[in-house]
Amino acid sequence: MNREEWALPVGTALDRFISKHQEQFPYATGELSQLLRDIALAGKIVNREINRAGLINITGTFGAQNVQGEEQQKLDVIANVRFIRALRNGGEVCGIISEEEEDLIDTEKYEGKYVVAIDPLDGSSNIDVNVSIGTIFSIYRRLSPTGTPVQMQDVMQEGFKQVAAGYLLYSSSTMLVYTTGHGVNGFTYEPSLGEFILSHADMKMPENASIYSVNEGNYRDFPKEVKEYLEHCKDKRYSGRYIGSLVADFHRNLLKGGIYLYPPTEKAPKGKLRLLYEGNALAFIAEQAGGAATDGENRILNIVPEKLHQRTPLYIGSKSMVDTCSQFLNTKKLTEV
Ligand code: AHM
Ligand code: MG
């Protein structure tokens, strides 16, 4: 069946959409479908916590730091616990890596065929100020045999091996956007029904656009080639839009077209964002929607991970904007700053 034949109308509930898509794979056992349902359910729970955040005094820092030495917010901790619990209880996942956890988590569900990488609450600096935040996830098929404990090799796979990836955006409405490698679909949460409903079918990132999204406060620390590209954006009179929540900035650019940049800086010579929790999932979605993602030299999805919490520079968005940016970056090889 081609994509048109199984396309479902806007208004279809997520559950039905997942089941219908499963039917196009004759040997599918339903485990990936169940895993996606588990993630959606955990997303609903986290969404509820986020909506109550201001009321029940659960915002603010938790008094701990995550493995990157950043302050953990209470909601970061809550989201981390909720997603890990949902994934562990579901039974389809033998291992989990999380931006908020130092090590690989063995779920002890040895029959689970999948591993998940997750950033449970992205954009944490925006939690306390009621600005959009998100959850990002990547799903890989394990490499080690089922029936045995998860191995490090299972989670250290290149991004192009993802079987599914997506994000939840907690914003003016809550959305789940995901791909299984057959296009990108977006579902809006209808709170009175407790359902995600297909609202954005077969999403395509506009090929060219005029939004650039970067923390320009870091401008002086950017490599010369990045500064030149940003000058080009200004010469073109592009609009600058930066929320400071990667999911929200990415989502806007997915709908309207644009480029998001997190270049290396003096403080963070590999950039700030993480390859396994942020870069790979969004790169997979971007490519599936016709966009592109690079670290300045390599396609993000081709990078072989070396460390769980590895960081990467990220240039992601509309294809022709990322291509132009890459041309600027590669006029000379990126100078280390
Ligand atoms: P987090 O996962 O700790 O929230 O950090 C990632 C966030 C991204 O959502 C966002 O795009 C970026 O960090 C903002 O960083 P900065 O404040 O340096 O611009
Ligand atoms: Mg993050």
# chains A, B, ... in the order shown; residues from 1 in each chain; ligands from 1

call {"tool": "residues_near_ligand", "arguments": {"ligand": "ligand 1", "cutoff": "6 Å", "atoms": "only C-alpha atoms and all ligand atoms", "output": "list in words"}}
result
Asp122, Gly123, Ser124, Asn215, Gly244, Ser245, Leu246 and Leu273 of chain A

call {"tool": "write_last_selection", "arguments": {"atoms": "N, CA and C atoms", "output": "PDB file, in the first residue's frame"}}
result
ATOM      1  N   ASP A 122      11.984  18.829  27.861  1.00  0.00           N
ATOM      2  CA  ASP A 122      12.944  19.699  27.185  1.00  0.00           C
ATOM      3  C   ASP A 122      12.496  21.155  27.308  1.00  0.00           C
ATOM      4  N   GLY A 123      13.501  22.028  27.446  1.00  0.00           N
ATOM      5  CA  GLY A 123      13.187  23.458  27.594  1.00  0.00           C
ATOM      6  C   GLY A 123      12.945  23.796  29.042  1.00  0.00           C
ATOM      7  N   SER A 124      13.704  23.140  29.904  1.00  0.00           N
ATOM      8  CA  SER A 124      13.395  23.226  31.333  1.00  0.00           C
ATOM      9  C   SER A 124      13.515  24.642  31.889  1.00  0.00           C
ATOM     10  N   ASN A 215      20.067  31.403  19.699  1.00  0.00           N
ATOM     11  CA  ASN A 215      20.316  32.265  20.862  1.00  0.00           C
ATOM     12  C   ASN A 215      21.417  33.252  20.486  1.00  0.00           C
ATOM     13  N   GLY A 244      13.564  29.221  22.998  1.00  0.00           N
ATOM     14  CA  GLY A 244      14.464  28.646  24.002  1.00  0.00           C
ATOM     15  C   GLY A 244      13.993  27.281  24.473  1.00  0.00           C
ATOM     16  N   SER A 245      12.949  26.761  23.824  1.00  0.00           N
ATOM     17  CA  SER A 245      12.538  25.357  23.987  1.00  0.00           C
ATOM     18  C   SER A 245      12.688  24.732  22.612  1.00  0.00           C
ATOM     19  N   LEU A 246      13.615  23.807  22.501  1.00  0.00           N
ATOM     20  CA  LEU A 246      13.906  23.243  21.183  1.00  0.00           C
ATOM     21  C   LEU A 246      12.653  22.687  20.513  1.00  0.00           C
ATOM     22  N   LEU A 273      23.246  20.823  22.734  1.00  0.00           N
ATOM     23  CA  LEU A 273      22.195  19.808  22.618  1.00  0.00           C
ATOM     24  C   LEU A 273      22.775  18.404  22.539  1.00  0.00           C
TER      25      LEU A 273
END

call {"tool": "select_by_dssp", "arguments": {"residues": "region 168-289 of chain A", "states": "helix (DSSP H, G or I)", "output": "NGL selection string"}}
result
:A and (216-221 or 224-235 or 246-256 or 275-288)

call {"tool": "residues_around", "arguments": {"residues": "Pro263 (chain A)", "least_positions_apart": "3", "cutoff": "12 Å", "atoms": "only C-alpha atoms", "output": "mmCIF file with all heavy atoms, in the first residue's frame"}}
result
data_model
loop_
_atom_site.group_PDB
_atom_site.id
_atom_site.type_symbol
_atom_site.label_atom_id
_atom_site.label_comp_id
_atom_site.auth_asym_id
_atom_site.auth_seq_id
_atom_site.Cartn_x
_atom_site.Cartn_y
_atom_site.Cartn_z
ATOM 1 N N SER A 213 16.332 30.814 13.943
ATOM 2 C CA SER A 213 16.065 30.615 15.357
ATOM 3 C C SER A 213 17.368 30.240 16.047
ATOM 4 O O SER A 213 17.914 29.159 15.808
ATOM 5 C CB SER A 213 15.049 29.472 15.421
ATOM 6 O OG SER A 213 14.567 29.301 16.680
ATOM 7 N N VAL A 214 17.895 31.157 16.845
ATOM 8 C CA VAL A 214 19.202 30.943 17.476
ATOM 9 C C VAL A 214 19.296 31.826 18.709
ATOM 10 O O VAL A 214 18.650 32.871 18.766
ATOM 11 C CB VAL A 214 20.334 31.285 16.460
ATOM 12 C CG1 VAL A 214 20.335 32.772 16.097
ATOM 13 C CG2 VAL A 214 21.705 30.855 16.959
ATOM 14 N N ASN A 215 20.067 31.403 19.699
ATOM 15 C CA ASN A 215 20.316 32.265 20.862
ATOM 16 C C ASN A 215 21.417 33.252 20.486
ATOM 17 O O ASN A 215 22.605 32.936 20.565
ATOM 18 C CB ASN A 215 20.726 31.409 22.059
ATOM 19 C CG ASN A 215 20.901 32.253 23.304
ATOM 20 O OD1 ASN A 215 20.992 33.487 23.218
ATOM 21 N ND2 ASN A 215 20.937 31.605 24.448
ATOM 22 N N GLU A 216 20.984 34.439 20.063
ATOM 23 C CA GLU A 216 21.968 35.404 19.563
ATOM 24 C C GLU A 216 22.798 36.018 20.678
ATOM 25 O O GLU A 216 23.800 36.676 20.418
ATOM 26 C CB GLU A 216 21.292 36.491 18.712
ATOM 27 C CG GLU A 216 20.926 35.939 17.347
ATOM 28 C CD GLU A 216 20.865 36.976 16.241
ATOM 29 O OE1 GLU A 216 21.900 37.256 15.611
ATOM 30 O OE2 GLU A 216 19.774 37.488 16.014
ATOM 31 N N ASN A 218 24.708 34.422 22.309
ATOM 32 C CA ASN A 218 25.996 33.721 22.216
ATOM 33 C C ASN A 218 26.816 34.167 20.994
ATOM 34 O O ASN A 218 27.870 33.597 20.714
ATOM 35 C CB ASN A 218 25.756 32.204 22.114
ATOM 36 C CG ASN A 218 25.130 31.645 23.372
ATOM 37 O OD1 ASN A 218 25.355 32.147 24.471
ATOM 38 N ND2 ASN A 218 24.330 30.591 23.223
ATOM 39 N N TYR A 219 26.293 35.174 20.267
ATOM 40 C CA TYR A 219 26.875 35.532 18.960
ATOM 41 C C TYR A 219 28.396 35.680 19.006
ATOM 42 O O TYR A 219 29.108 35.159 18.168
ATOM 43 C CB TYR A 219 26.228 36.834 18.479
ATOM 44 C CG TYR A 219 26.647 37.268 17.094
ATOM 45 C CD1 TYR A 219 25.966 36.820 15.964
ATOM 46 C CD2 TYR A 219 27.727 38.140 16.905
ATOM 47 C CE1 TYR A 219 26.332 37.215 14.694
ATOM 48 C CE2 TYR A 219 28.099 38.538 15.638
ATOM 49 C CZ TYR A 219 27.400 38.081 14.536
ATOM 50 O OH TYR A 219 27.781 38.472 13.278
ATOM 51 N N ARG A 220 28.896 36.396 20.000
ATOM 52 C CA ARG A 220 30.344 36.674 20.016
ATOM 53 C C ARG A 220 31.172 35.400 20.127
ATOM 54 O O ARG A 220 32.342 35.390 19.770
ATOM 55 C CB ARG A 220 30.690 37.624 21.164
ATOM 56 C CG ARG A 220 30.136 39.004 20.957
ATOM 57 C CD ARG A 220 30.773 40.024 21.898
ATOM 58 N NE ARG A 220 29.957 41.230 22.011
ATOM 59 C CZ ARG A 220 29.766 42.103 21.033
ATOM 60 N NH1 ARG A 220 30.328 41.920 19.874
ATOM 61 N NH2 ARG A 220 28.999 43.160 21.217
ATOM 62 N N ASP A 221 30.565 34.365 20.655
ATOM 63 C CA ASP A 221 31.307 33.103 20.836
ATOM 64 C C ASP A 221 31.148 32.153 19.650
ATOM 65 O O ASP A 221 31.699 31.055 19.663
ATOM 66 C CB ASP A 221 30.804 32.370 22.093
ATOM 67 C CG ASP A 221 31.153 33.143 23.345
ATOM 68 O OD1 ASP A 221 32.154 33.875 23.320
ATOM 69 O OD2 ASP A 221 30.405 33.022 24.328
ATOM 70 N N PHE A 222 30.333 32.523 18.669
ATOM 71 C CA PHE A 222 30.121 31.607 17.533
ATOM 72 C C PHE A 222 31.323 31.614 16.602
ATOM 73 O O PHE A 222 32.006 32.636 16.457
ATOM 74 C CB PHE A 222 28.885 32.029 16.717
ATOM 75 C CG PHE A 222 27.572 31.790 17.412
ATOM 76 C CD1 PHE A 222 26.456 32.558 17.092
ATOM 77 C CD2 PHE A 222 27.422 30.783 18.356
ATOM 78 C CE1 PHE A 222 25.234 32.348 17.715
ATOM 79 C CE2 PHE A 222 26.206 30.559 18.981
ATOM 80 C CZ PHE A 222 25.115 31.349 18.657
ATOM 81 N N PRO A 223 31.556 30.486 15.900
ATOM 82 C CA PRO A 223 32.581 30.478 14.860
ATOM 83 C C PRO A 223 32.257 31.523 13.784
ATOM 84 O O PRO A 223 31.082 31.841 13.562
ATOM 85 C CB PRO A 223 32.485 29.062 14.281
ATOM 86 C CG PRO A 223 31.795 28.248 15.308
ATOM 87 C CD PRO A 223 30.891 29.187 16.047
ATOM 88 N N LYS A 224 33.327 31.993 13.157
ATOM 89 C CA LYS A 224 33.184 33.066 12.146
ATOM 90 C C LYS A 224 32.165 32.709 11.070
ATOM 91 O O LYS A 224 31.366 33.539 10.644
ATOM 92 C CB LYS A 224 34.587 33.255 11.544
ATOM 93 C CG LYS A 224 34.730 34.300 10.511
ATOM 94 C CD LYS A 224 36.224 34.524 10.252
ATOM 95 C CE LYS A 224 36.548 34.709 8.785
ATOM 96 N NZ LYS A 224 36.399 33.564 7.935
ATOM 97 N N GLU A 225 32.178 31.447 10.629
ATOM 98 C CA GLU A 225 31.289 31.026 9.533
ATOM 99 C C GLU A 225 29.818 31.110 9.950
ATOM 100 O O GLU A 225 28.954 31.410 9.134
ATOM 101 C CB GLU A 225 31.604 29.587 9.083
ATOM 102 C CG GLU A 225 32.959 29.428 8.414
ATOM 103 C CD GLU A 225 34.128 29.390 9.388
ATOM 104 O OE1 GLU A 225 33.899 29.396 10.621
ATOM 105 O OE2 GLU A 225 35.278 29.382 8.919
ATOM 106 N N VAL A 226 29.560 30.824 11.231
ATOM 107 C CA VAL A 226 28.184 30.921 11.729
ATOM 108 C C VAL A 226 27.759 32.389 11.744
ATOM 109 O O VAL A 226 26.639 32.745 11.327
ATOM 110 C CB VAL A 226 28.058 30.301 13.140
ATOM 111 C CG1 VAL A 226 26.676 30.556 13.731
ATOM 112 C CG2 VAL A 226 28.354 28.808 13.097
ATOM 113 N N LYS A 227 28.676 33.250 12.194
ATOM 114 C CA LYS A 227 28.365 34.689 12.211
ATOM 115 C C LYS A 227 28.052 35.162 10.796
ATOM 116 O O LYS A 227 27.115 35.948 10.587
ATOM 117 C CB LYS A 227 29.558 35.482 12.755
ATOM 118 C CG LYS A 227 29.796 35.284 14.242
ATOM 119 C CD LYS A 227 31.000 36.104 14.674
ATOM 120 C CE LYS A 227 31.288 35.935 16.148
ATOM 121 N NZ LYS A 227 32.602 36.402 16.526
ATOM 122 N N TYR A 229 26.827 33.414 8.355
ATOM 123 C CA TYR A 229 25.495 32.937 7.955
ATOM 124 C C TYR A 229 24.407 33.797 8.604
ATOM 125 O O TYR A 229 23.410 34.148 7.965
ATOM 126 C CB TYR A 229 25.298 31.453 8.314
ATOM 127 C CG TYR A 229 23.884 31.017 7.980
ATOM 128 C CD1 TYR A 229 23.455 30.951 6.654
ATOM 129 C CD2 TYR A 229 22.956 30.747 8.993
ATOM 130 C CE1 TYR A 229 22.133 30.610 6.343
ATOM 131 C CE2 TYR A 229 21.634 30.401 8.689
ATOM 132 C CZ TYR A 229 21.241 30.334 7.367
ATOM 133 O OH TYR A 229 19.942 30.016 7.060
ATOM 134 N N LEU A 230 24.613 34.159 9.860
ATOM 135 C CA LEU A 230 23.606 34.982 10.541
ATOM 136 C C LEU A 230 23.516 36.372 9.892
ATOM 137 O O LEU A 230 22.422 36.944 9.789
ATOM 138 C CB LEU A 230 23.919 35.087 12.037
ATOM 139 C CG LEU A 230 23.788 33.754 12.794
ATOM 140 C CD1 LEU A 230 24.192 33.913 14.258
ATOM 141 C CD2 LEU A 230 22.358 33.201 12.710
ATOM 142 N N TYR A 260 16.707 26.225 12.702
ATOM 143 C CA TYR A 260 17.099 26.346 14.107
ATOM 144 C C TYR A 260 18.587 26.044 14.167
ATOM 145 O O TYR A 260 19.057 25.059 13.572
ATOM 146 C CB TYR A 260 16.313 25.336 14.958
ATOM 147 C CG TYR A 260 16.779 25.286 16.397
ATOM 148 C CD1 TYR A 260 16.115 26.014 17.380
ATOM 149 C CD2 TYR A 260 17.890 24.523 16.766
ATOM 150 C CE1 TYR A 260 16.556 25.989 18.694
ATOM 151 C CE2 TYR A 260 18.331 24.499 18.080
ATOM 152 C CZ TYR A 260 17.658 25.234 19.034
ATOM 153 O OH TYR A 260 18.104 25.209 20.335
ATOM 154 N N GLU A 266 32.326 28.974 22.860
ATOM 155 C CA GLU A 266 33.538 28.810 23.659
ATOM 156 C C GLU A 266 33.254 27.916 24.872
ATOM 157 O O GLU A 266 33.995 26.998 25.180
ATOM 158 C CB GLU A 266 33.985 30.189 24.136
ATOM 159 C CG GLU A 266 35.464 30.296 24.351
ATOM 160 C CD GLU A 266 35.871 31.751 24.517
ATOM 161 O OE1 GLU A 266 35.152 32.639 24.025
ATOM 162 O OE2 GLU A 266 36.870 31.974 25.178
ATOM 163 N N LYS A 267 32.098 28.194 25.497
ATOM 164 C CA LYS A 267 31.706 27.443 26.698
ATOM 165 C C LYS A 267 31.355 25.993 26.359
ATOM 166 O O LYS A 267 31.583 25.085 27.139
ATOM 167 C CB LYS A 267 30.474 28.129 27.318
ATOM 168 C CG LYS A 267 30.500 28.215 28.819
ATOM 169 C CD LYS A 267 29.407 29.131 29.349
ATOM 170 C CE LYS A 267 28.004 28.643 29.007
ATOM 171 N NZ LYS A 267 26.943 29.565 29.375
ATOM 172 N N ALA A 268 30.759 25.817 25.190
ATOM 173 C CA ALA A 268 30.273 24.490 24.797
ATOM 174 C C ALA A 268 30.780 24.168 23.391
ATOM 175 O O ALA A 268 30.071 24.360 22.404
ATOM 176 C CB ALA A 268 28.748 24.470 24.835
ATOM 177 N N PRO A 269 32.039 23.704 23.301
ATOM 178 C CA PRO A 269 32.653 23.526 21.977
ATOM 179 C C PRO A 269 31.955 22.496 21.093
ATOM 180 O O PRO A 269 32.145 22.492 19.890
ATOM 181 C CB PRO A 269 34.098 23.093 22.278
ATOM 182 C CG PRO A 269 34.216 22.970 23.745
ATOM 183 C CD PRO A 269 32.939 23.395 24.409
ATOM 184 N N LYS A 270 31.130 21.650 21.674
ATOM 185 C CA LYS A 270 30.342 20.693 20.871
ATOM 186 C C LYS A 270 28.893 21.126 20.801
ATOM 187 O O LYS A 270 28.000 20.308 20.526
ATOM 188 C CB LYS A 270 30.423 19.296 21.503
ATOM 189 C CG LYS A 270 31.802 18.696 21.510
ATOM 190 C CD LYS A 270 31.983 17.830 20.280
ATOM 191 C CE LYS A 270 33.379 17.237 20.274
ATOM 192 N NZ LYS A 270 33.882 17.019 18.943
ATOM 193 N N GLY A 271 28.602 22.368 21.141
ATOM 194 C CA GLY A 271 27.211 22.787 21.217
ATOM 195 C C GLY A 271 26.625 22.358 22.549
ATOM 196 O O GLY A 271 27.324 21.800 23.399
ATOM 197 N N LYS A 272 25.333 22.593 22.699
ATOM 198 C CA LYS A 272 24.693 22.285 23.980
ATOM 199 C C LYS A 272 23.808 21.052 23.889
ATOM 200 O O LYS A 272 23.616 20.321 24.863
ATOM 201 C CB LYS A 272 23.842 23.493 24.392
ATOM 202 C CG LYS A 272 23.052 23.260 25.654
ATOM 203 C CD LYS A 272 22.109 24.412 25.957
ATOM 204 C CE LYS A 272 21.364 24.119 27.246
ATOM 205 N NZ LYS A 272 20.244 25.042 27.449
ATOM 206 N N LEU A 273 23.246 20.823 22.734
ATOM 207 C CA LEU A 273 22.195 19.808 22.618
ATOM 208 C C LEU A 273 22.775 18.404 22.539
ATOM 209 O O LEU A 273 23.926 18.217 22.142
ATOM 210 C CB LEU A 273 21.317 20.118 21.402
ATOM 211 C CG LEU A 273 20.682 21.517 21.483
ATOM 212 C CD1 LEU A 273 19.967 21.871 20.196
ATOM 213 C CD2 LEU A 273 19.731 21.594 22.675
ATOM 214 N N THR A 294 21.996 18.825 10.230
ATOM 215 C CA THR A 294 23.436 18.576 10.156
ATOM 216 C C THR A 294 24.115 19.128 11.411
ATOM 217 O O THR A 294 23.555 19.981 12.103
ATOM 218 C CB THR A 294 24.028 19.232 8.882
ATOM 219 O OG1 THR A 294 25.427 19.363 8.999
ATOM 220 C CG2 THR A 294 23.454 20.603 8.628
ATOM 221 N N ASP A 295 25.333 18.612 11.665
ATOM 222 C CA ASP A 295 26.121 19.198 12.759
ATOM 223 C C ASP A 295 27.097 20.236 12.194
ATOM 224 O O ASP A 295 27.992 20.698 12.882
ATOM 225 C CB ASP A 295 26.870 18.109 13.550
ATOM 226 C CG ASP A 295 27.999 17.475 12.750
ATOM 227 O OD1 ASP A 295 28.127 17.753 11.531
ATOM 228 O OD2 ASP A 295 28.775 16.688 13.338
ATOM 229 N N GLY A 296 26.921 20.566 10.945
ATOM 230 C CA GLY A 296 27.819 21.513 10.281
ATOM 231 C C GLY A 296 28.693 20.799 9.274
ATOM 232 O O GLY A 296 29.115 21.378 8.277
ATOM 233 N N GLU A 297 28.931 19.516 9.533
ATOM 234 C CA GLU A 297 29.745 18.734 8.604
ATOM 235 C C GLU A 297 29.045 17.459 8.174
ATOM 236 O O GLU A 297 29.163 17.001 7.047
ATOM 237 C CB GLU A 297 31.069 18.344 9.270
ATOM 238 C CG GLU A 297 32.058 19.467 9.358
ATOM 239 C CD GLU A 297 33.350 18.996 10.003
ATOM 240 O OE1 GLU A 297 34.156 18.362 9.314
ATOM 241 O OE2 GLU A 297 33.524 19.265 11.207
ATOM 242 N N ARG A 311 27.168 15.563 23.098
ATOM 243 C CA ARG A 311 26.520 16.763 22.556
ATOM 244 C C ARG A 311 26.877 16.930 21.093
ATOM 245 O O ARG A 311 27.872 16.367 20.616
ATOM 246 C CB ARG A 311 26.972 17.995 23.333
ATOM 247 C CG ARG A 311 26.511 17.933 24.774
ATOM 248 C CD ARG A 311 27.020 19.114 25.563
ATOM 249 N NE ARG A 311 26.814 18.895 26.988
ATOM 250 C CZ ARG A 311 25.828 19.441 27.693
ATOM 251 N NH1 ARG A 311 24.949 20.211 27.118
ATOM 252 N NH2 ARG A 311 25.730 19.213 28.979
ATOM 253 N N THR A 312 26.063 17.708 20.417
ATOM 254 C CA THR A 312 26.345 17.965 19.000
ATOM 255 C C THR A 312 25.877 19.366 18.625
ATOM 256 O O THR A 312 24.817 19.807 19.092
ATOM 257 C CB THR A 312 25.630 16.932 18.098
ATOM 258 O OG1 THR A 312 25.915 17.252 16.734
ATOM 259 C CG2 THR A 312 24.117 16.931 18.277
ATOM 260 N N PRO A 313 26.652 20.051 17.773
ATOM 261 C CA PRO A 313 26.076 21.259 17.182
ATOM 262 C C PRO A 313 24.868 20.835 16.348
ATOM 263 O O PRO A 313 24.823 19.701 15.864
ATOM 264 C CB PRO A 313 27.193 21.786 16.269
ATOM 265 C CG PRO A 313 28.443 21.076 16.708
ATOM 266 C CD PRO A 313 28.010 19.770 17.288
ATOM 267 N N LEU A 314 23.900 21.717 16.184
ATOM 268 C CA LEU A 314 22.695 21.332 15.444
ATOM 269 C C LEU A 314 22.221 22.478 14.552
ATOM 270 O O LEU A 314 22.049 23.605 15.020
ATOM 271 C CB LEU A 314 21.581 20.949 16.434
ATOM 272 C CG LEU A 314 20.272 20.443 15.821
ATOM 273 C CD1 LEU A 314 20.471 19.117 15.085
ATOM 274 C CD2 LEU A 314 19.192 20.264 16.902
ATOM 275 N N TYR A 315 22.050 22.155 13.275
ATOM 276 C CA TYR A 315 21.479 23.080 12.296
ATOM 277 C C TYR A 315 20.365 22.288 11.641
ATOM 278 O O TYR A 315 20.628 21.301 10.933
ATOM 279 C CB TYR A 315 22.535 23.497 11.267
ATOM 280 C CG TYR A 315 23.795 24.034 11.914
ATOM 281 C CD1 TYR A 315 24.851 23.166 12.258
ATOM 282 C CD2 TYR A 315 23.926 25.385 12.234
ATOM 283 C CE1 TYR A 315 25.987 23.636 12.889
ATOM 284 C CE2 TYR A 315 25.068 25.865 12.866
ATOM 285 C CZ TYR A 315 26.090 24.981 13.198
ATOM 286 O OH TYR A 315 27.224 25.454 13.825
ATOM 287 N N ILE A 316 19.126 22.673 11.872
ATOM 288 C CA ILE A 316 18.007 21.800 11.496
ATOM 289 C C ILE A 316 16.838 22.638 10.991
ATOM 290 O O ILE A 316 16.579 23.727 11.504
ATOM 291 C CB ILE A 316 17.590 20.937 12.713
ATOM 292 C CG1 ILE A 316 16.557 19.890 12.335
ATOM 293 C CG2 ILE A 316 17.080 21.780 13.880
ATOM 294 C CD1 ILE A 316 16.336 18.836 13.425
ATOM 295 N N CYS A 325 23.046 27.209 4.880
ATOM 296 C CA CYS A 325 23.834 27.334 6.111
ATOM 297 C C CYS A 325 25.085 26.455 6.010
ATOM 298 O O CYS A 325 26.198 26.899 6.317
ATOM 299 C CB CYS A 325 22.963 26.956 7.301
ATOM 300 S SG CYS A 325 23.813 27.017 8.872
ATOM 301 N N SER A 326 24.908 25.233 5.527
ATOM 302 C CA SER A 326 26.052 24.312 5.401
ATOM 303 C C SER A 326 27.097 24.871 4.451
ATOM 304 O O SER A 326 28.301 24.718 4.675
ATOM 305 C CB SER A 326 25.609 22.957 4.855
ATOM 306 O OG SER A 326 24.717 22.367 5.737
ATOM 307 N N LEU A 329 29.078 27.272 6.364
ATOM 308 C CA LEU A 329 29.924 26.618 7.372
ATOM 309 C C LEU A 329 31.114 25.927 6.732
ATOM 310 O O LEU A 329 32.157 25.773 7.353
ATOM 311 C CB LEU A 329 29.118 25.593 8.177
ATOM 312 C CG LEU A 329 27.934 26.132 8.962
ATOM 313 C CD1 LEU A 329 27.281 25.028 9.779
ATOM 314 C CD2 LEU A 329 28.367 27.257 9.898
ATOM 315 N N LEU A 334 35.015 24.362 9.811
ATOM 316 C CA LEU A 334 34.669 25.054 11.057
ATOM 317 C C LEU A 334 35.877 25.192 11.984
ATOM 318 O O LEU A 334 36.499 24.210 12.347
ATOM 319 C CB LEU A 334 33.605 24.244 11.797
ATOM 320 C CG LEU A 334 32.186 24.750 11.669
ATOM 321 C CD1 LEU A 334 31.248 23.848 12.426
ATOM 322 C CD2 LEU A 334 32.090 26.159 12.186
ATOM 323 N N THR A 335 36.177 26.431 12.311
ATOM 324 C CA THR A 335 37.305 26.629 13.220
ATOM 325 C C THR A 335 36.857 26.309 14.642
ATOM 326 O O THR A 335 35.773 26.715 15.050
ATOM 327 C CB THR A 335 37.781 28.107 13.154
ATOM 328 O OG1 THR A 335 36.617 28.904 13.089
ATOM 329 C CG2 THR A 335 38.655 28.343 11.958
ATOM 330 N N GLU A 336 37.677 25.608 15.366
ATOM 331 C CA GLU A 336 37.355 25.341 16.773
ATOM 332 C C GLU A 336 37.381 26.673 17.512
ATOM 333 O O GLU A 336 38.219 27.514 17.257
ATOM 334 C CB GLU A 336 38.396 24.404 17.383
ATOM 335 C CG GLU A 336 38.305 22.981 16.906
ATOM 336 C CD GLU A 336 37.077 22.255 17.482
ATOM 337 O OE1 GLU A 336 36.886 22.336 18.695
ATOM 338 O OE2 GLU A 336 36.334 21.665 16.696
ATOM 339 N N VAL A 337 36.440 26.868 18.413
ATOM 340 C CA VAL A 337 36.475 28.130 19.184
ATOM 341 C C VAL A 337 36.878 27.827 20.614
ATOM 342 O O VAL A 337 36.861 26.667 21.044
ATOM 343 C CB VAL A 337 35.102 28.850 19.163
ATOM 344 C CG1 VAL A 337 34.846 29.455 17.808
ATOM 345 C CG2 VAL A 337 33.998 27.906 19.584
#

call {"tool": "residues_around", "arguments": {"residues": "region 153-165 of chain A", "least_positions_apart": "2", "cutoff": "7 Å", "atoms": "only C-alpha atoms", "output": "ChimeraX atom specification"}}
result
/A:115,137-144,150-151,178-181,280-281,284-285,301-305

call {"tool": "residues_near_ligand", "arguments": {"ligand": "ligand 2", "cutoff": "12 Å", "atoms": "only C-alpha atoms and all ligand atoms", "output": "ChimeraX atom specification"}}
result
/A:66,68,70,72,76,80,98-100,117-126,133-137,167,244-248,272-279,281-282,309,311

call {"tool": "atom_distance", "arguments": {"atom1": "CA of Lys109 (chain A)", "atom2": "CA of Gly147 (chain A)"}}
result
8.2 Å

call {"tool": "closest_residue", "arguments": {"among": "A:Val131, A:Ala42, A:Ile259, A:Ile105", "to": "Asp323 (chain A)", "atoms": "only C-alpha atoms"}}
result
A:Ile259

call {"tool": "atom_distance", "arguments": {"atom1": "CA of Gly258 (chain A)", "atom2": "CA of Thr331 (chain A)"}}
result
21.7 Å

call {"tool": "closest_residue", "arguments": {"among": "A:Ala293, A:Leu254, A:Leu75, A:Met321", "to": "Lys236 (chain A)", "atoms": "only C-alpha atoms"}}
result
A:Met321

call {"tool": "atom_distance", "arguments": {"atom1": "CA of Glu101 (chain A)", "atom2": "CA of Leu169 (chain A)"}}
result
21.4 Å

call {"tool": "select_by_dssp", "arguments": {"residues": "region 56-198 of chain A", "states": "strand (DSSP E or B)", "output": "MDAnalysis selection string"}}
result
chainID A and resid 61:65 71:73 93:98 105:106 114:122 133:141 162:170 174:179 184:190 195:198

call {"tool": "residues_around", "arguments": {"residues": "region 9-11 of chain A", "least_positions_apart": "3", "cutoff": "12 Å", "atoms": "only C-alpha atoms", "output": "PyMOL selection string"}}
result
chain A and resi 4-6+14-17+20+185-190+195-203

call {"tool": "closest_residue", "arguments": {"among": "A:Tyr114, A:Ser19, A:Leu168, A:Gln34", "to": "Ala79 (chain A)", "atoms": "only C-alpha atoms"}}
result
A:Leu168
